[in-house]
$ cat target30.tsv   # TSV, C-alpha atoms and all ligand atoms
chain	number	residue	atom	x	y	z
X	1	MET	CA	12.00	-18.35	-1.54
X	2	ASN	CA	10.54	-16.81	-4.60
X	3	HIS	CA	8.72	-19.34	-6.72
X	4	ASN	CA	7.49	-16.84	-9.22
X	5	ASP	CA	8.00	-17.27	-12.89
X	6	ASP	CA	10.30	-14.36	-13.60
X	7	ARG	CA	12.02	-15.03	-16.88
X	8	PRO	CA	13.62	-11.75	-17.91
X	9	GLY	CA	12.42	-10.29	-21.16
X	10	GLU	CA	8.98	-11.89	-21.16
X	11	THR	CA	6.83	-8.86	-20.67
X	12	GLY	CA	3.52	-7.70	-22.01
X	13	HIS	CA	5.27	-5.81	-24.78
X	14	GLY	CA	5.91	-8.74	-27.04
X	15	PRO	CA	5.70	-8.57	-30.82
X	16	GLY	CA	2.20	-7.69	-31.94
X	17	SER	CA	1.26	-5.61	-28.93
X	18	THR	CA	0.82	-1.93	-29.65
X	19	GLN	CA	0.52	1.11	-27.51
X	20	GLY	CA	-2.92	2.69	-27.81
X	21	GLU	CA	-4.71	5.75	-26.50
X	22	ASN	CA	-3.90	6.74	-22.92
X	23	GLY	CA	-0.73	4.70	-23.16
X	24	ARG	CA	-2.70	1.47	-22.86
X	25	ILE	CA	-0.97	-1.48	-24.41
X	26	ASP	CA	-3.53	-2.97	-26.77
X	27	ASN	CA	-4.13	-6.70	-26.65
X	28	PRO	CA	-1.40	-7.52	-24.19
X	29	PRO	CA	-0.57	-11.22	-24.26
X	30	LYS	CA	-2.31	-12.90	-21.31
X	31	GLN	CA	-0.08	-12.55	-18.27
X	32	ASN	CA	-2.02	-14.65	-15.83
X	33	LEU	CA	1.12	-16.36	-14.63
X	34	ASN	CA	2.55	-15.16	-11.38
X	35	ARG	CA	5.65	-13.25	-12.41
X	36	GLY	CA	8.34	-11.45	-10.46
X	37	PRO	CA	10.41	-8.28	-10.21
X	38	ASN	CA	12.31	-8.66	-13.49
X	39	ALA	CA	9.14	-8.81	-15.58
X	40	ILE	CA	7.83	-5.72	-13.81
X	41	LEU	CA	11.09	-3.82	-14.27
X	42	ASP	CA	11.05	-4.63	-17.99
X	43	VAL	CA	7.66	-2.92	-18.32
X	44	ILE	CA	8.79	0.05	-16.22
X	45	ARG	CA	11.95	0.53	-18.30
X	46	GLN	CA	9.89	0.72	-21.48
X	47	GLY	CA	7.44	3.31	-20.16
X	48	GLU	CA	7.64	6.94	-19.15
X	49	LYS	CA	4.73	7.74	-16.89
X	50	PHE	CA	3.01	5.53	-14.35
X	51	LEU	CA	0.13	5.62	-11.92
X	52	VAL	CA	0.84	4.08	-8.53
X	53	CYS	CA	-2.11	3.30	-6.26
X	54	SER	CA	-3.36	1.03	-3.52
X	55	HIS	CA	-6.53	0.16	-1.64
X	56	SER	CA	-9.03	2.59	-0.19
X	57	ARG	CA	-8.60	3.40	3.51
X	58	PRO	CA	-4.84	3.06	3.01
X	59	ASP	CA	-2.86	1.45	5.83
X	60	GLY	CA	0.87	1.58	6.57
X	61	ASP	CA	1.73	-0.98	3.90
X	62	ALA	CA	-0.32	0.82	1.27
X	63	VAL	CA	1.14	4.26	2.01
X	64	GLY	CA	4.75	3.10	2.50
X	65	SER	CA	4.68	0.93	-0.63
X	66	ILE	CA	3.21	3.67	-2.80
X	67	LEU	CA	5.83	6.16	-1.63
X	68	ALA	CA	8.77	3.76	-2.04
X	69	THR	CA	7.55	2.76	-5.52
X	70	GLY	CA	7.29	6.44	-6.45
X	71	MET	CA	10.88	6.95	-5.27
X	72	LEU	CA	12.08	3.94	-7.29
X	73	LEU	CA	10.35	5.27	-10.43
X	74	ALA	CA	11.94	8.68	-9.89
X	75	GLN	CA	15.38	7.05	-9.60
X	76	MET	CA	14.70	5.22	-12.85
X	77	GLY	CA	13.97	8.57	-14.53
X	78	LYS	CA	10.21	7.93	-14.77
X	79	ARG	CA	7.29	10.15	-13.87
X	80	ALA	CA	4.58	8.92	-11.54
X	81	ASP	CA	1.26	9.99	-10.08
X	82	LEU	CA	0.54	8.58	-6.64
X	83	VAL	CA	-3.19	8.27	-5.94
X	84	THR	CA	-5.55	6.79	-3.33
X	85	ALA	CA	-9.31	7.11	-3.01
X	86	ASP	CA	-9.12	8.07	0.69
X	87	ARG	CA	-6.87	10.53	2.42
X	88	ILE	CA	-3.69	9.38	4.12
X	89	PRO	CA	-4.24	8.70	7.85
X	90	THR	CA	-2.55	11.24	10.14
X	91	MET	CA	-0.08	8.70	11.55
X	92	TYR	CA	1.44	8.19	8.09
X	93	ARG	CA	1.52	11.82	6.99
X	94	ALA	CA	5.01	12.31	8.41
X	95	LEU	CA	6.38	9.74	5.96
X	96	PRO	CA	8.77	11.24	3.38
X	97	GLY	CA	6.81	12.41	0.33
X	98	ALA	CA	3.39	11.63	1.86
X	99	ASP	CA	2.00	14.97	0.71
X	100	GLU	CA	2.61	13.91	-2.89
X	101	ILE	CA	-0.12	11.28	-2.70
X	102	ARG	CA	-3.26	12.74	-4.20
X	103	THR	CA	-6.81	11.78	-3.32
X	104	ALA	CA	-9.14	11.14	-6.26
X	105	MET	CA	-12.20	9.12	-7.22
X	106	ARG	CA	-11.30	8.78	-10.91
X	107	VAL	CA	-7.96	8.53	-12.69
X	108	HIS	CA	-7.07	9.98	-16.07
X	109	GLY	CA	-4.08	9.12	-18.26
X	110	PRO	CA	-1.98	9.04	-20.11
X	111	TYR	CA	-0.08	6.33	-18.23
X	112	ASP	CA	2.07	3.56	-19.63
X	113	ALA	CA	0.89	1.31	-16.81
X	114	VAL	CA	-0.89	1.36	-13.47
X	115	ILE	CA	0.97	-0.23	-10.57
X	116	LEU	CA	-1.60	-1.59	-8.12
X	117	LEU	CA	-0.13	-2.37	-4.72
X	118	GLU	CA	-1.76	-4.46	-2.00
X	119	CYS	CA	-5.06	-5.03	-3.82
X	120	ASP	CA	-6.64	-8.45	-4.30
X	121	GLY	CA	-8.83	-6.91	-7.00
X	122	PRO	CA	-9.00	-3.55	-8.80
X	123	GLU	CA	-12.25	-2.74	-6.95
X	124	ARG	CA	-10.27	-2.53	-3.68
X	125	THR	CA	-8.87	0.81	-4.89
X	126	ARG	CA	-12.37	2.32	-5.21
X	127	LEU	CA	-10.81	4.31	-8.10
X	128	ARG	CA	-12.65	4.61	-11.39
X	129	GLY	CA	-10.93	4.65	-14.78
X	130	LEU	CA	-8.24	2.04	-14.05
X	131	GLU	CA	-9.54	-0.39	-16.66
X	132	ALA	CA	-8.18	1.90	-19.40
X	133	PHE	CA	-4.59	0.99	-18.53
X	134	PHE	CA	-2.13	-1.87	-18.54
X	135	THR	CA	-2.19	-3.13	-14.94
X	136	ILE	CA	0.72	-4.38	-12.87
X	137	ASN	CA	-0.58	-6.16	-9.75
X	138	ILE	CA	1.80	-6.55	-6.79
X	139	ASP	CA	0.18	-8.19	-3.76
X	140	HIS	CA	0.78	-10.46	-0.78
X	141	HIS	CA	-2.76	-11.25	0.37
X	142	ALA	CA	-3.90	-14.84	0.91
X	143	THR	CA	-6.87	-13.84	-1.26
X	144	GLY	CA	-4.59	-12.32	-3.93
X	145	ARG	CA	-5.72	-12.97	-7.52
X	146	GLU	CA	-3.98	-12.68	-10.85
X	147	PHE	CA	-6.36	-10.04	-12.20
X	148	GLY	CA	-3.69	-7.80	-13.73
X	149	ASP	CA	-2.00	-7.80	-17.11
X	150	LEU	CA	1.16	-8.58	-15.17
X	151	ASN	CA	0.98	-10.13	-11.71
X	152	TRP	CA	3.40	-10.67	-8.87
X	153	ILE	CA	1.82	-12.26	-5.82
X	154	ASP	CA	3.92	-13.48	-2.92
X	155	ARG	CA	1.71	-14.68	-0.09
X	156	HIS	CA	4.73	-15.18	2.15
X	157	ALA	CA	5.91	-11.56	1.99
X	158	ALA	CA	5.50	-9.79	5.33
X	159	SER	CA	4.31	-6.69	3.49
X	160	VAL	CA	4.01	-5.48	-0.08
X	161	GLY	CA	6.80	-3.12	0.99
X	162	GLU	CA	9.05	-6.18	1.26
X	163	MET	CA	8.24	-6.93	-2.39
X	164	VAL	CA	8.93	-3.31	-3.38
X	165	TYR	CA	12.28	-3.64	-1.61
X	166	ARG	CA	13.05	-6.67	-3.80
X	167	LEU	CA	12.03	-4.63	-6.83
X	168	VAL	CA	14.42	-1.85	-5.77
X	169	LYS	CA	17.30	-4.29	-5.20
X	170	THR	CA	16.64	-6.08	-8.49
X	171	ALA	CA	16.68	-2.72	-10.28
X	172	GLY	CA	20.04	-1.93	-8.70
X	173	ALA	CA	18.53	1.29	-7.33
X	174	THR	CA	19.68	2.97	-4.12
X	175	VAL	CA	17.73	2.40	-0.92
X	176	THR	CA	17.75	5.98	0.33
X	177	PRO	CA	17.00	6.78	4.01
X	178	GLU	CA	13.59	8.13	2.86
X	179	MET	CA	12.81	4.92	0.99
X	180	ALA	CA	14.03	2.82	3.92
X	181	THR	CA	11.75	4.76	6.27
X	182	CYS	CA	8.72	4.06	4.08
X	183	LEU	CA	9.59	0.39	3.66
X	184	TYR	CA	10.34	-0.17	7.35
X	185	THR	CA	6.91	1.30	8.11
X	186	THR	CA	5.25	-1.25	5.82
X	187	VAL	CA	6.97	-4.14	7.62
X	188	LEU	CA	6.33	-2.79	11.12
X	189	THR	CA	2.65	-2.11	10.55
X	190	ASP	CA	1.77	-5.18	8.48
X	191	THR	CA	3.39	-7.56	10.96
X	192	GLY	CA	1.68	-5.77	13.86
X	193	GLY	CA	5.06	-4.85	15.31
X	194	PHE	CA	6.71	-8.17	14.32
X	195	CYS	CA	3.91	-10.25	15.90
X	196	TYR	CA	1.83	-11.74	13.08
X	197	GLY	CA	2.29	-15.03	11.24
X	198	ALA	CA	4.26	-13.62	8.32
X	199	THR	CA	7.09	-12.63	10.70
X	200	ARG	CA	10.13	-14.80	9.96
X	201	ALA	CA	13.88	-14.56	10.33
X	202	SER	CA	13.99	-12.87	6.92
X	203	THR	CA	11.64	-10.17	8.25
X	204	PHE	CA	14.23	-9.19	10.84
X	205	ALA	CA	16.97	-9.37	8.21
X	206	LEU	CA	14.92	-6.95	6.14
X	207	ALA	CA	14.36	-4.67	9.15
X	208	LYS	CA	18.12	-4.73	9.77
X	209	GLU	CA	18.91	-3.82	6.16
X	210	LEU	CA	16.37	-1.01	6.19
X	211	THR	CA	17.74	0.30	9.48
X	212	GLU	CA	21.25	0.24	8.04
X	213	ALA	CA	19.92	2.11	5.00
X	214	GLY	CA	18.70	4.93	7.26
X	215	ALA	CA	15.28	3.98	8.70
X	216	ASP	CA	15.04	5.07	12.34
X	217	PRO	CA	13.08	2.30	14.16
X	218	VAL	CA	12.55	4.37	17.30
X	219	ARG	CA	11.21	7.42	15.51
X	220	ILE	CA	9.00	5.33	13.22
X	221	ALA	CA	7.60	3.37	16.19
X	222	GLN	CA	6.90	6.65	17.97
X	223	ASP	CA	5.05	8.04	14.95
X	224	ILE	CA	2.93	4.89	14.79
X	225	TYR	CA	2.41	3.76	18.37
X	226	PHE	CA	2.85	6.93	20.43
X	227	SER	CA	1.04	9.57	18.41
X	228	THR	CA	-2.53	8.47	19.05
X	229	ALA	CA	-5.36	10.96	18.56
X	230	THR	CA	-7.57	11.59	21.62
X	231	SER	CA	-10.62	10.72	19.50
X	232	LYS	CA	-9.20	7.25	18.97
X	233	LEU	CA	-8.95	6.57	22.69
X	234	LEU	CA	-12.48	7.84	23.27
X	235	LEU	CA	-13.70	5.54	20.50
X	236	LEU	CA	-11.71	2.66	21.99
X	237	GLY	CA	-13.51	3.30	25.26
X	238	ALA	CA	-16.86	2.96	23.49
X	239	ALA	CA	-15.70	-0.22	21.75
X	240	LEU	CA	-14.38	-1.80	24.96
X	241	SER	CA	-17.68	-1.15	26.70
X	242	ASN	CA	-19.16	-3.37	23.96
X	243	LEU	CA	-16.67	-6.20	24.38
X	244	ARG	CA	-18.18	-9.70	24.40
X	245	ARG	CA	-16.61	-13.11	24.92
X	246	GLU	CA	-17.79	-16.59	23.99
X	247	GLY	CA	-15.14	-19.21	24.62
X	248	ARG	CA	-12.43	-18.76	22.01
X	249	LEU	CA	-14.34	-15.97	20.29
X	250	ALA	CA	-14.44	-12.29	21.23
X	251	TRP	CA	-16.03	-9.33	19.53
X	252	LEU	CA	-16.64	-5.66	20.05
X	253	TRP	CA	-18.34	-2.91	18.09
X	254	VAL	CA	-19.00	0.79	17.68
X	255	THR	CA	-22.14	2.38	16.31
X	256	HIS	CA	-22.15	5.33	13.93
X	257	GLN	CA	-23.42	7.35	16.89
X	258	ASP	CA	-20.26	6.36	18.85
X	259	MET	CA	-18.17	7.65	15.93
X	260	VAL	CA	-20.02	10.96	15.90
X	261	ARG	CA	-19.99	11.38	19.69
X	262	THR	CA	-16.22	10.81	19.97
X	263	CYS	CA	-15.43	12.89	16.83
X	264	ALA	CA	-13.66	9.80	15.50
X	265	ALA	CA	-12.31	9.50	11.98
X	266	GLU	CA	-12.34	6.21	10.07
X	267	GLU	CA	-8.63	5.78	10.76
X	268	ASP	CA	-9.33	5.78	14.52
X	269	CYS	CA	-10.84	2.30	14.10
X	270	GLU	CA	-7.51	0.80	13.05
X	271	GLY	CA	-6.18	-1.59	15.69
X	272	ILE	CA	-9.30	-1.70	17.88
X	273	VAL	CA	-9.83	-5.36	16.95
X	274	ASN	CA	-6.48	-6.15	18.58
X	275	TYR	CA	-8.02	-5.51	22.00
X	276	ALA	CA	-10.30	-8.50	21.39
X	277	ILE	CA	-7.76	-10.87	19.83
X	278	CYS	CA	-5.20	-10.10	22.56
X	279	ILE	CA	-7.38	-11.79	25.22
X	280	SER	CA	-5.87	-14.95	26.64
X	281	GLY	CA	-7.58	-18.03	25.19
X	282	VAL	CA	-9.31	-16.14	22.37
X	283	GLU	CA	-8.49	-17.57	18.93
X	284	ALA	CA	-10.64	-15.34	16.70
X	285	ALA	CA	-11.92	-11.80	17.12
X	286	VAL	CA	-14.20	-9.40	15.28
X	287	PHE	CA	-14.54	-5.63	15.37
X	288	LEU	CA	-17.74	-4.26	13.83
X	289	ARG	CA	-18.24	-0.64	12.83
X	290	GLU	CA	-21.59	0.68	11.76
X	291	LEU	CA	-21.25	2.85	8.65
X	292	PRO	CA	-23.41	5.97	8.21
X	293	GLU	CA	-25.60	4.17	5.67
X	294	ARG	CA	-26.19	1.26	8.12
X	295	ARG	CA	-23.86	-1.19	6.43
X	296	VAL	CA	-21.26	-2.65	8.78
X	297	ARG	CA	-17.48	-2.98	8.32
X	298	LEU	CA	-15.88	-5.97	9.95
X	299	SER	CA	-12.25	-6.53	10.88
X	300	LEU	CA	-11.44	-10.17	11.59
X	301	ARG	CA	-8.34	-11.41	13.41
X	302	SER	CA	-7.01	-14.83	14.31
X	303	LYS	CA	-4.07	-16.06	16.35
X	304	GLY	CA	-3.33	-18.52	13.54
X	305	ARG	CA	-5.54	-21.57	14.11
X	306	VAL	CA	-8.57	-20.17	12.28
X	307	ASN	CA	-8.21	-18.95	8.69
X	308	VAL	CA	-10.15	-15.67	8.72
X	309	SER	CA	-9.33	-14.80	5.09
X	310	LYS	CA	-11.39	-17.82	4.01
X	311	ILE	CA	-14.34	-16.66	6.09
X	312	ALA	CA	-14.06	-13.06	4.87
X	313	ALA	CA	-13.79	-14.21	1.25
X	314	GLU	CA	-16.93	-16.38	1.59
X	315	LEU	CA	-18.82	-13.25	2.63
X	316	GLY	CA	-17.39	-11.07	-0.15
X	317	GLY	CA	-14.27	-9.64	1.54
X	318	GLY	CA	-10.70	-10.87	1.79
X	319	GLY	CA	-7.30	-10.42	3.39
X	320	HIS	CA	-4.77	-12.61	5.16
X	321	GLU	CA	-5.19	-15.83	7.16
X	322	ASN	CA	-4.67	-13.87	10.40
X	323	ALA	CA	-6.22	-10.53	9.42
X	324	SER	CA	-9.07	-9.95	7.04
X	325	GLY	CA	-12.08	-7.72	6.49
X	326	VAL	CA	-15.49	-7.57	4.89
X	327	THR	CA	-18.49	-5.23	4.66
X	328	LEU	CA	-21.94	-6.68	5.47
X	329	GLU	CA	-25.50	-5.44	5.55
X	330	GLY	CA	-26.57	-3.85	8.83
X	331	PRO	CA	-27.77	-3.51	11.44
X	332	ILE	CA	-24.88	-4.55	13.67
X	333	SER	CA	-26.88	-7.41	15.24
X	334	ARG	CA	-27.50	-8.92	11.80
X	335	ALA	CA	-23.88	-8.60	10.70
X	336	LEU	CA	-22.82	-10.10	14.02
X	337	ASP	CA	-25.19	-13.06	13.63
X	338	GLU	CA	-23.82	-13.62	10.13
X	339	ILE	CA	-20.17	-13.61	11.15
X	340	LEU	CA	-20.73	-15.65	14.32
X	341	ALA	CA	-22.56	-18.27	12.26
X	342	GLU	CA	-19.37	-18.63	10.19
X	343	LEU	CA	-16.92	-18.51	13.08
X	344	ARG	CA	-18.63	-20.72	15.66
X	345	PRO	CA	-18.31	-23.95	13.64
X	346	GLU	CA	-14.62	-23.21	13.00
X	347	LEU	CA	-14.01	-22.79	16.71
X	348	GLU	CA	-16.04	-25.89	17.52
X	349	LEU	CA	-13.74	-27.81	15.20
X	350	LEU	CA	-10.80	-26.49	17.19
X	351	ALA	CA	-12.46	-27.61	20.41
X	352	LEU	CA	-12.98	-31.13	19.04
X	353	GLY	CA	-9.33	-31.83	18.66
X	354	GLY	CA	-5.95	-30.49	17.83
X	355	ARG	CA	-3.69	-28.55	20.11
X	356	ASN	CA	-5.03	-26.79	23.21
X	357	ALA	CA	-8.35	-28.57	23.03
X	358	GLU	CA	-9.07	-27.74	26.66
X	359	GLU	CA	-11.26	-24.74	27.47
X	360	PRO	CA	-9.44	-21.43	27.63
X	361	GLU	CA	-8.58	-20.36	31.16
X	362	ASP	CA	-10.76	-17.40	31.92
X	363	ALA	CA	-13.67	-18.24	29.61
X	364	PHE	CA	-15.55	-20.10	32.32
X	365	ALA	CA	-15.88	-17.17	34.69
X	366	TRP	CA	-16.85	-14.84	31.89
X	367	GLU	CA	-19.52	-17.08	30.44
X	368	ASN	CA	-21.00	-17.65	33.88
X	369	ARG	CA	-21.23	-13.98	34.72
X	370	GLU	CA	-24.50	-12.88	36.27
X	371	ALA	CA	-27.39	-12.31	33.90
X	372	GLY	CA	-28.83	-8.84	33.56
X	373	THR	CA	-25.50	-7.03	33.52
X	374	GLY	CA	-26.62	-5.00	30.54
X	375	LEU	CA	-24.18	-6.75	28.26
X	376	GLU	CA	-26.74	-8.04	25.82
X	377	ILE	CA	-26.41	-6.70	22.29
X	378	SER	CA	-29.07	-4.32	21.07
X	379	ASP	CA	-29.60	-2.35	17.90
X	380	GLU	CA	-29.74	0.95	19.70
X	401	LIG	P1	-8.51	-4.37	8.32
X	401	LIG	O1	-9.28	-5.23	9.27
X	401	LIG	O2	-7.25	-3.87	8.97
X	401	LIG	O3	-9.33	-3.32	7.67
X	401	LIG	O4	-8.06	-5.33	7.15
X	401	LIG	C1	-7.29	-6.48	7.40
X	401	LIG	C2	-6.79	-7.07	6.09
X	401	LIG	O5	-7.90	-7.50	5.30
X	401	LIG	C3	-6.03	-6.09	5.21
X	401	LIG	O6	-4.97	-6.80	4.62
X	401	LIG	C4	-7.02	-5.65	4.18
X	401	LIG	O7	-6.38	-5.36	2.96
X	401	LIG	C5	-7.94	-6.85	4.05
X	401	LIG	N1	-9.33	-6.42	3.83
X	401	LIG	C6	-10.07	-5.66	4.67
X	401	LIG	N2	-11.30	-5.45	4.17
X	401	LIG	C7	-11.35	-6.08	2.98
X	401	LIG	C8	-12.38	-6.21	1.98
X	401	LIG	O8	-13.48	-5.71	2.10
X	401	LIG	N3	-12.04	-6.93	0.87
X	401	LIG	C9	-10.81	-7.51	0.72
X	401	LIG	N4	-10.59	-8.20	-0.39
X	401	LIG	N5	-9.82	-7.41	1.64
X	401	LIG	C10	-10.07	-6.71	2.76
X	402	MN	MN	-0.14	-5.47	3.31
$ encode --input "target30.tsv" --output "C-alpha cells" --more "lines below"
Ligand code: 5GP
Ligand code: MN
Amino acid sequence: MNHNDDRPGETGHGPGSTQGENGRIDNPPKQNLNRGPNAILDVIRQGEKFLVCSHSRPDGDAVGSILATGMLLAQMGKRADLVTADRIPTMYRALPGADEIRTAMRVHGPYDAVILLECDGPERTRLRGLEAFFTINIDHHATGREFGDLNWIDRHAASVGEMVYRLVKTAGATVTPEMATCLYTTVLTDTGGFCYGATRASTFALAKELTEAGADPVRIAQDIYFSTATSKLLLLGAALSNLRREGRLAWLWVTHQDMVRTCAAEEDCEGIVNYAICISGVEAAVFLRELPERRVRLSLRSKGRVNVSKIAAELGGGGHENASGVTLEGPISRALDEILAELRPELELLALGGRNAEEPEDAFAWENREAGTGLEISDE
C-alpha cells in the first residue's frame, strides 16, 4: 500500500518558481511532504538533464537502482549522469550499463534535478556540490528523512529498486531485460536472498514480474553468490577467528592489518556480519572493521526483535530495523564497548519477557568455555 501524497501536477515547479544557474529551481515551494511517483515524473518530464546518484560504498540496491533510473530517463528522452563517490564493487560490474557509472568526489551541473537514491541524507553520498541543485529523494530506510526538495520515502519497499520499478510502471515505460536485471538485483541483495523482514508476498510478485521481463535469476544469483574473490574468503577467515558470543549477541571484527594481509578491498567486508547473525539463538550481531585512520565501521544486524536502526541512529549512523551501520571512533575495543553498551540492555529486555525468553540453546556451552583460550579482545 502506498500512503504517499501523490497528487499529480503538484510539483516544485509551481507559479513563482524560476530556473536559476546550473538548472537549479530557485525558491522551490517546500516539498517536505512524502510524495510519490507521479510528482517525481512531473519534475522529470519538465527537465532535460539529471544527475542520478546514491550512497558511498554502493551496494546492490544502490547500483541497480541508479542503472534502472538511468535507463528510465533515457526512455523518457532525458540525459543523465550516473555518479557515485566510490567505485562499483566487482560483483555488480557485470550489470548492464555498470561502466557508465562514473566515480567522482564533486558534481558539476548543469542539471535540472539530482535524483538521490537510497540515501537518508545527502551526506551519505559523500559527493560535494549537490546543494546547488533541486533534489529528488527516493529512499526506503527506516531512518529515511524528507531532506529533499521532493521526497518519496517508502519504508516498506524491499529495495529502492522496487520503488524505481513503480516509477517505471507509472511512467508507462518498458521494463527491458536490462532494466529487469538491475531491478531484480536490488531486490535479491537488499532482502538478503529473500530472507530479511521486508520480504513479503509482493516481493515475490515483483521478482516474478522482473523474471518475466527478462531478468535471469540463476545468472544473477551466480554473479552475486558464486563469484567470490579469494581475498574475501581470506578476510572472512580472519573475521571468524575473531568471533565472540555473549548470549543473544555475537560479534566479530577485522583490523586494518587483516585487510592489508589478505589484500582485501572494502567490498570484501560485505556480508561478513551474516556469519554472526546466522548463529542459532543470536538476535543481534555486529561486524567491526578498523579503518586505516583508526576509526571503526560497524555493520549491525538483527533477526527482527531488536531495532538496530534506532541504535545506529543514536550513534550517528542509520539504516533499517534489521540492518544498519555507523562509524565510531577507534580503537576497535572502544567502538565495541560503545556498541555493546547500547545492545546489551536491548537484549536484556528481550530476556525479561516476550517470545523465546528462555536462554538460547548453545549459548551455555560457549559462555562456559575454558578461560585462557586466547579469545579475549585486544587492541593489537
Ligand atoms: P551495511 O552494514 O551493509 O554497510 O549497511 C546496512 C544498512 O545500513 C544499509 O541500508 C546502509 O545504507 C545503512 N547504513 C550503513 N552505514 C550507515 C551510516 O553510516 N549512516 C546511515 N545513515 N546509514 C548507514
Ligand atoms: Mn536499499
$ closest_residue --input "target30.tsv" --among "X:Glu346, X:Tyr111, X:Leu315, X:Arg289" --to "X:Pro331" --atoms "all atoms listed in the file"
X:Arg289
$ residues_near_point --input "target30.tsv" --point "(5.8, -15.6, 4.6)" --cutoff "8 Å" --atoms "only C-alpha atoms" --output "list in words"
Arg155, His156, Ala157, Ala158, Gly197, Ala198, Thr199 and Arg200 of chain X
$ residues_near_ligand --input "target30.tsv" --ligand "ligand LIG 401 (chain X)" --cutoff "6 Å" --atoms "only C-alpha atoms and all ligand atoms" --output "list in words"
Asp120, Ser299, Leu300, Gly317, Gly318, Gly319, His320, Ala323, Ser324, Gly325, Val326 and Thr327 of chain X
$ atom_distance --input "target30.tsv" --atom1 "atom CA of X:Gly47" --atom2 "atom CA of X:Val114"
10.9 Å
$ residues_near_ligand --input "target30.tsv" --ligand "ligand MN 402 (chain X)" --cutoff "8 Å" --atoms "all atoms listed in the file" --output "PyMOL selection string"
chain X and resi 59-62+118+139-141+158-161+186+190
$ residues_around --input "target30.tsv" --residues "X:Leu95" --least-positions-apart "5" --cutoff "12 Å" --atoms "all atoms listed in the file" --output "ChimeraX atom specification"
/X:60-61,63-68,88-90,100-101,177-186,215-216,219-220,223-224
$ write_last_selection --input "target30.tsv" --atoms "C-alpha atoms" --output "compact mmCIF listing (two decimals), in the frame of the given file"
# COMPACT_ATOMS: atom_id res chain seq x y z
CA GLY X 60 0.87 1.58 6.57
CA ASP X 61 1.73 -0.98 3.90
CA VAL X 63 1.14 4.26 2.01
CA GLY X 64 4.75 3.10 2.50
CA SER X 65 4.68 0.93 -0.63
CA ILE X 66 3.21 3.67 -2.80
CA LEU X 67 5.83 6.16 -1.63
CA ALA X 68 8.77 3.76 -2.04
CA ILE X 88 -3.69 9.38 4.12
CA PRO X 89 -4.24 8.70 7.85
CA THR X 90 -2.55 11.24 10.14
CA GLU X 100 2.61 13.91 -2.89
CA ILE X 101 -0.12 11.28 -2.70
CA PRO X 177 17.00 6.78 4.01
CA GLU X 178 13.59 8.13 2.86
CA MET X 179 12.81 4.92 0.99
CA ALA X 180 14.03 2.82 3.92
CA THR X 181 11.75 4.76 6.27
CA CYS X 182 8.72 4.06 4.08
CA LEU X 183 9.59 0.39 3.66
CA TYR X 184 10.34 -0.17 7.35
CA THR X 185 6.91 1.30 8.11
CA THR X 186 5.25 -1.25 5.82
CA ALA X 215 15.28 3.98 8.70
CA ASP X 216 15.04 5.07 12.34
CA ARG X 219 11.21 7.42 15.51
CA ILE X 220 9.00 5.33 13.22
CA ASP X 223 5.05 8.04 14.95
CA ILE X 224 2.93 4.89 14.79
$ atom_distance --input "target30.tsv" --atom1 "atom CA of X:Ser302" --atom2 "atom CA of X:Phe287"
11.9 Å
$ atom_distance --input "target30.tsv" --atom1 "atom CA of X:Leu127" --atom2 "atom CA of X:Leu72"
22.9 Å
$ residues_near_point --input "target30.tsv" --point "(-6.7, -11.2, 13.0)" --cutoff "12 Å" --atoms "only C-alpha atoms" --output "PyMOL selection string"
chain X and resi 190-192+195-197+249-251+271-278+282-287+298-309+311-312+318-325
$ residues_around --input "target30.tsv" --residues "X:Gly70" --least-positions-apart "6" --cutoff "10 Å" --atoms "only C-alpha atoms" --output "list of chain:residue names"
X:Phe50, X:Leu51, X:Val52, X:Cys53, X:Gly64, X:Met76, X:Lys78, X:Arg79, X:Ala80, X:Asp81, X:Leu82, X:Gly97, X:Glu100, X:Ile101, X:Met179
$ decode --input "target30.tsv" --residues "stretch 306-333 of chain X" --atoms "C-alpha atoms" --output "CSV table (one decimal), in the first residue's frame"
chain,number,residue,atom,x,y,z
X,306,VAL,CA,15.9,-5.7,18.2
X,307,ASN,CA,15.7,-2.5,16.2
X,308,VAL,CA,19.3,-1.9,15.1
X,309,SER,CA,18.5,1.2,13.0
X,310,LYS,CA,17.5,3.0,16.2
X,311,ILE,CA,20.8,2.1,17.9
X,312,ALA,CA,22.8,3.1,14.8
X,313,ALA,CA,20.9,6.4,14.5
X,314,GLU,CA,21.6,7.2,18.2
X,315,LEU,CA,25.3,6.8,17.5
X,316,GLY,CA,25.2,8.9,14.3
X,317,GLY,CA,24.5,6.2,11.6
X,318,GLY,CA,21.3,4.8,10.3
X,319,GLY,CA,19.7,2.1,8.1
X,320,HIS,CA,16.9,-0.5,8.5
X,321,GLU,CA,15.5,-2.1,11.6
X,322,ASN,CA,17.3,-5.4,10.7
X,323,ALA,CA,20.4,-4.0,9.0
X,324,SER,CA,22.1,-0.7,9.9
X,325,GLY,CA,25.6,0.8,10.1
X,326,VAL,CA,27.6,3.5,11.8
X,327,THR,CA,31.2,4.7,12.0
X,328,LEU,CA,32.7,5.2,15.5
X,329,GLU,CA,36.0,6.4,17.0
X,330,GLY,CA,38.6,3.6,17.3
X,331,PRO,CA,40.3,1.6,18.5
X,332,ILE,CA,38.2,-1.5,18.0
X,333,SER,CA,37.9,-2.2,21.7
